[in-house]
$ cat upload.txt   # compact mmCIF, C-alpha atoms
# COMPACT_ATOMS: atom_id res chain seq x y z
CA MET T 1 94.79 133.37 63.47
CA ALA T 2 95.03 132.85 67.22
CA PRO T 3 96.98 129.88 68.63
CA TYR T 4 95.08 126.66 69.27
CA PHE T 5 94.96 127.05 73.05
CA LEU T 6 93.49 130.56 72.77
CA ARG T 7 90.78 129.45 70.33
CA ASN T 8 89.70 126.74 72.76
CA ILE T 9 89.55 128.65 76.04
CA ILE T 10 85.77 128.34 75.96
CA PRO T 11 84.98 124.72 75.13
CA LYS T 12 82.47 123.99 72.42
CA ARG T 13 79.35 122.22 73.63
CA GLN T 14 78.95 118.76 72.15
CA LYS T 15 75.57 118.05 70.65
CA THR T 16 73.99 114.66 70.74
CA THR T 17 72.38 113.34 67.60
CA ASP T 18 69.91 111.16 69.44
CA SER T 19 68.98 111.81 73.02
CA LYS T 20 69.40 108.79 75.29
CA THR T 21 68.58 108.24 78.90
CA LEU T 22 71.44 107.65 81.31
CA LEU T 23 70.77 103.91 81.48
CA GLN T 24 70.62 103.63 77.69
CA ALA T 25 73.92 105.51 77.40
CA ILE T 26 75.62 103.21 79.91
CA ALA T 27 74.16 100.12 78.24
CA SER T 28 75.48 101.30 74.87
CA LEU T 29 79.12 101.43 76.03
CA THR T 30 81.44 99.06 74.20
CA TRP T 31 84.18 96.99 75.85
CA VAL T 32 86.78 99.44 74.52
CA GLN T 33 84.95 102.36 76.13
CA TRP T 34 84.72 100.48 79.42
CA LEU T 35 88.44 99.66 79.27
CA GLN T 36 89.36 103.28 78.53
CA PHE T 37 87.24 104.42 81.46
CA PHE T 38 88.82 101.79 83.71
CA CYS T 39 92.36 102.80 82.62
CA GLY T 40 91.68 106.42 83.49
CA TRP T 41 90.09 105.49 86.80
CA LEU T 42 92.96 103.15 87.70
CA ALA T 43 95.59 105.78 86.87
CA TRP T 44 93.88 108.29 89.14
CA THR T 45 93.43 105.69 91.89
CA CYS T 46 97.12 104.71 91.89
CA ASP T 47 98.07 108.38 92.11
CA ALA T 48 95.67 109.04 95.00
CA LEU T 49 96.78 105.92 96.86
CA ASP T 50 100.41 107.03 96.91
CA PHE T 51 99.53 110.57 97.93
CA PHE T 52 97.52 109.40 100.93
CA SER T 53 100.05 106.74 101.92
CA VAL T 54 102.47 109.55 102.84
CA SER T 55 99.76 111.29 104.85
CA LEU T 56 99.09 108.10 106.80
CA SER T 57 102.76 107.36 107.50
CA VAL T 58 103.80 110.71 108.99
CA THR T 59 104.65 109.09 112.35
CA ALA T 60 106.99 106.56 110.74
CA LEU T 61 108.60 109.30 108.65
CA GLU T 62 109.16 111.38 111.81
CA LYS T 63 111.18 108.53 113.31
CA GLN T 64 113.11 107.83 110.11
CA PHE T 65 114.19 111.40 109.45
CA GLY T 66 114.21 112.73 113.04
CA LYS T 67 111.93 115.64 112.14
CA SER T 68 108.66 116.96 113.57
CA ALA T 69 105.28 116.21 112.02
CA HIS T 70 105.03 119.83 110.91
CA THR T 71 108.30 119.52 109.00
CA ILE T 72 107.34 116.16 107.47
CA THR T 73 104.05 117.53 106.19
CA THR T 74 106.06 120.06 104.17
CA SER T 75 106.48 117.24 101.67
CA ILE T 76 102.70 117.03 101.31
CA THR T 77 102.51 120.78 100.74
CA LEU T 78 105.27 120.63 98.11
CA THR T 79 103.51 117.76 96.36
CA LEU T 80 100.32 119.81 96.14
CA LEU T 81 102.13 122.96 95.03
CA PHE T 82 103.92 121.23 92.15
CA ARG T 83 100.67 119.75 90.77
CA ALA T 84 100.01 122.92 88.79
CA ALA T 85 103.36 122.63 87.03
CA GLY T 86 102.66 118.99 86.19
CA ALA T 87 99.21 119.79 84.85
CA ALA T 88 100.64 122.48 82.58
CA ILE T 89 103.60 120.38 81.40
CA PHE T 90 101.66 117.21 80.67
CA GLY T 91 98.70 119.15 79.28
CA ILE T 92 100.92 120.83 76.69
CA ILE T 93 102.63 117.53 75.87
CA SER T 94 99.28 115.73 75.47
CA ASP T 95 97.94 118.47 73.21
CA ARG T 96 101.01 118.05 71.03
CA TYR T 97 101.41 114.25 71.00
CA GLY T 98 98.01 112.85 72.00
CA ARG T 99 96.94 111.43 75.35
CA ARG T 100 98.05 107.82 75.30
CA TRP T 101 101.86 108.06 75.36
CA PRO T 102 102.06 111.07 77.69
CA LEU T 103 99.82 109.13 80.12
CA VAL T 104 102.09 106.09 79.86
CA ALA T 105 105.19 108.25 80.45
CA ASN T 106 103.42 110.00 83.31
CA LEU T 107 102.48 106.72 85.00
CA LEU T 108 106.03 105.40 84.60
CA MET T 109 107.28 108.60 86.20
CA CYS T 110 104.80 108.08 89.06
CA CYS T 111 106.00 104.50 89.55
CA ALA T 112 109.66 105.52 89.62
CA LEU T 113 109.00 108.31 92.09
CA GLN T 114 106.80 106.11 94.29
CA LEU T 115 109.62 103.59 94.51
CA GLY T 116 112.13 106.38 94.96
CA SER T 117 110.21 107.70 97.96
CA GLY T 118 110.89 104.44 99.76
CA PHE T 119 114.63 104.46 99.11
CA VAL T 120 115.64 108.01 100.03
CA GLN T 121 118.21 108.39 102.79
CA THR T 122 117.88 112.05 103.81
CA PHE T 123 115.02 114.47 104.33
CA PRO T 124 116.13 116.83 101.51
CA GLN T 125 116.10 113.84 99.14
CA PHE T 126 112.60 113.01 100.35
CA LEU T 127 111.44 116.57 99.69
CA ALA T 128 112.94 116.51 96.21
CA VAL T 129 111.31 113.19 95.31
CA ARG T 130 107.94 114.27 96.66
CA SER T 131 108.17 117.57 94.75
CA LEU T 132 108.83 115.66 91.53
CA PHE T 133 105.95 113.37 92.42
CA GLY T 134 103.78 116.49 92.62
CA VAL T 135 104.65 117.23 88.99
CA ALA T 136 103.69 113.68 88.03
CA MET T 137 100.55 113.84 90.16
CA GLY T 138 99.44 117.02 88.40
CA GLY T 139 99.80 115.35 85.03
CA VAL T 140 97.89 112.22 85.94
CA TRP T 141 94.55 113.81 86.73
CA GLY T 142 94.03 115.64 83.45
CA LEU T 143 95.29 112.79 81.30
CA ALA T 144 93.36 110.15 83.24
CA ALA T 145 90.13 112.15 83.23
CA SER T 146 90.31 112.88 79.52
CA THR T 147 91.19 109.25 78.74
CA ALA T 148 88.28 108.03 80.83
CA LEU T 149 85.69 110.49 79.53
CA GLU T 150 86.50 111.43 75.94
CA ASN T 151 84.95 108.36 74.32
CA ILE T 152 81.96 107.97 76.63
CA PRO T 153 78.57 109.23 75.39
CA VAL T 154 77.78 112.78 76.49
CA GLU T 155 74.77 111.59 78.52
CA ALA T 156 76.95 109.36 80.74
CA ARG T 157 79.85 111.75 81.36
CA GLY T 158 78.33 113.38 84.42
CA LEU T 159 78.03 110.05 86.22
CA ALA T 160 81.42 108.83 85.01
CA SER T 161 83.23 111.92 86.19
$ encode --input "upload.txt" --output "structure tokens"
Amino acid sequence: MAPYFLRNIIPKRQKTTDSKTLLQAIASLTWVQWLQFFCGWLAWTCDALDFFSVSLSVTALEKQFGKSAHTITTSITLTLLFRAAGAAIFGIISDRYGRRWPLVANLLMCCALQLGSGFVQTFPQFLAVRSLFGVAMGGVWGLAASTALENIPVEARGLAS
């Protein structure tokens, strides 16, 4: 028998037992479903906020490290490049252990690296921290999206995503 990840390359379409309109599906959400959606949305928002805060502070980073804007934006490129590694790592971990605790660990990693970005002393340290943040950033999106959407009715997933 093929491994789990090979059997699920093509996702199975979920069937609804009773067809609801979009408004009926949203009205039927429980508080737990709303909270799970909000947790996923908040995780993604925190991740995006940190990523764009570096983009908006390039001028200050130029002065701090004595580098050109082109060199500073290398950290943004590294962050984006390492997202794929983070998505693979945290995707495999979440398939093995579930989504909740890998998401918690991932968010703690994001927090530590966000704080670490503010305390680096040299540009190579900054590049290393931002590269590690790219790994964490790659993990957040998949875990947050699946947390937010897996318990929402099929009819409401398009709007929620």
$ residues_around --input "upload.txt" --residues "Arg130 of chain T" --least-positions-apart "6" --cutoff "12 Å" --atoms "all atoms listed in the file" --output "PDB file with C-alpha atoms, in the coordinates of the input"
ATOM      1  CA  ASP T  50     100.410 107.030  96.910  1.00  0.00           C
ATOM      2  CA  PHE T  51      99.530 110.570  97.930  1.00  0.00           C
ATOM      3  CA  VAL T  54     102.470 109.550 102.840  1.00  0.00           C
ATOM      4  CA  SER T  55      99.760 111.290 104.850  1.00  0.00           C
ATOM      5  CA  ILE T  72     107.340 116.160 107.470  1.00  0.00           C
ATOM      6  CA  THR T  73     104.050 117.530 106.190  1.00  0.00           C
ATOM      7  CA  THR T  74     106.060 120.060 104.170  1.00  0.00           C
ATOM      8  CA  SER T  75     106.480 117.240 101.670  1.00  0.00           C
ATOM      9  CA  ILE T  76     102.700 117.030 101.310  1.00  0.00           C
ATOM     10  CA  THR T  77     102.510 120.780 100.740  1.00  0.00           C
ATOM     11  CA  LEU T  78     105.270 120.630  98.110  1.00  0.00           C
ATOM     12  CA  THR T  79     103.510 117.760  96.360  1.00  0.00           C
ATOM     13  CA  LEU T  80     100.320 119.810  96.140  1.00  0.00           C
ATOM     14  CA  LEU T  81     102.130 122.960  95.030  1.00  0.00           C
ATOM     15  CA  PHE T  82     103.920 121.230  92.150  1.00  0.00           C
ATOM     16  CA  ARG T  83     100.670 119.750  90.770  1.00  0.00           C
ATOM     17  CA  MET T 109     107.280 108.600  86.200  1.00  0.00           C
ATOM     18  CA  CYS T 110     104.800 108.080  89.060  1.00  0.00           C
ATOM     19  CA  ALA T 112     109.660 105.520  89.620  1.00  0.00           C
ATOM     20  CA  LEU T 113     109.000 108.310  92.090  1.00  0.00           C
ATOM     21  CA  GLN T 114     106.800 106.110  94.290  1.00  0.00           C
ATOM     22  CA  LEU T 115     109.620 103.590  94.510  1.00  0.00           C
ATOM     23  CA  GLY T 116     112.130 106.380  94.960  1.00  0.00           C
ATOM     24  CA  SER T 117     110.210 107.700  97.960  1.00  0.00           C
ATOM     25  CA  GLY T 118     110.890 104.440  99.760  1.00  0.00           C
ATOM     26  CA  VAL T 120     115.640 108.010 100.030  1.00  0.00           C
ATOM     27  CA  PHE T 123     115.020 114.470 104.330  1.00  0.00           C
ATOM     28  CA  PRO T 124     116.130 116.830 101.510  1.00  0.00           C
ATOM     29  CA  ALA T 136     103.690 113.680  88.030  1.00  0.00           C
ATOM     30  CA  MET T 137     100.550 113.840  90.160  1.00  0.00           C
TER      31      MET T 137
END
$ closest_residue --input "upload.txt" --among "T:Leu149, T:Val154, T:Ile89, T:Leu23" --to "Trp41 of chain T" --atoms "only C-alpha atoms"
T:Leu149
$ closest_residue --input "upload.txt" --among "T:Ala43, T:Ile92, T:Leu132, T:Leu107" --to "Ala148 of chain T" --atoms "only C-alpha atoms"
T:Ala43
$ atom_distance --input "upload.txt" --atom1 "atom CA of Ile152 of chain T" --atom2 "atom CA of Phe52 of chain T"
28.9 Å
$ closest_residue --input "upload.txt" --among "T:Arg99, T:Leu127, T:Ala69, T:Ala48" --to "Gln36 of chain T" --atoms "only C-alpha atoms"
T:Arg99
$ residues_around --input "upload.txt" --residues "segment 143-147 of chain T" --least-positions-apart "3" --cutoff "6 Å" --atoms "only C-alpha atoms" --output "mmCIF file with C-alpha atoms, keeping the file's coordinate frame"
data_model
loop_
_atom_site.group_PDB
_atom_site.id
_atom_site.type_symbol
_atom_site.label_atom_id
_atom_site.label_comp_id
_atom_site.auth_asym_id
_atom_site.auth_seq_id
_atom_site.Cartn_x
_atom_site.Cartn_y
_atom_site.Cartn_z
ATOM 1 C CA GLY T 40 91.680 106.420 83.490
ATOM 2 C CA LEU T 103 99.820 109.130 80.120
ATOM 3 C CA VAL T 140 97.890 112.220 85.940
ATOM 4 C CA GLU T 150 86.500 111.430 75.940
#
$ closest_residue --input "upload.txt" --among "T:Val104, T:Ile26, T:Tyr4, T:Gly86" --to "Glu155 of chain T" --atoms "only C-alpha atoms"
T:Ile26
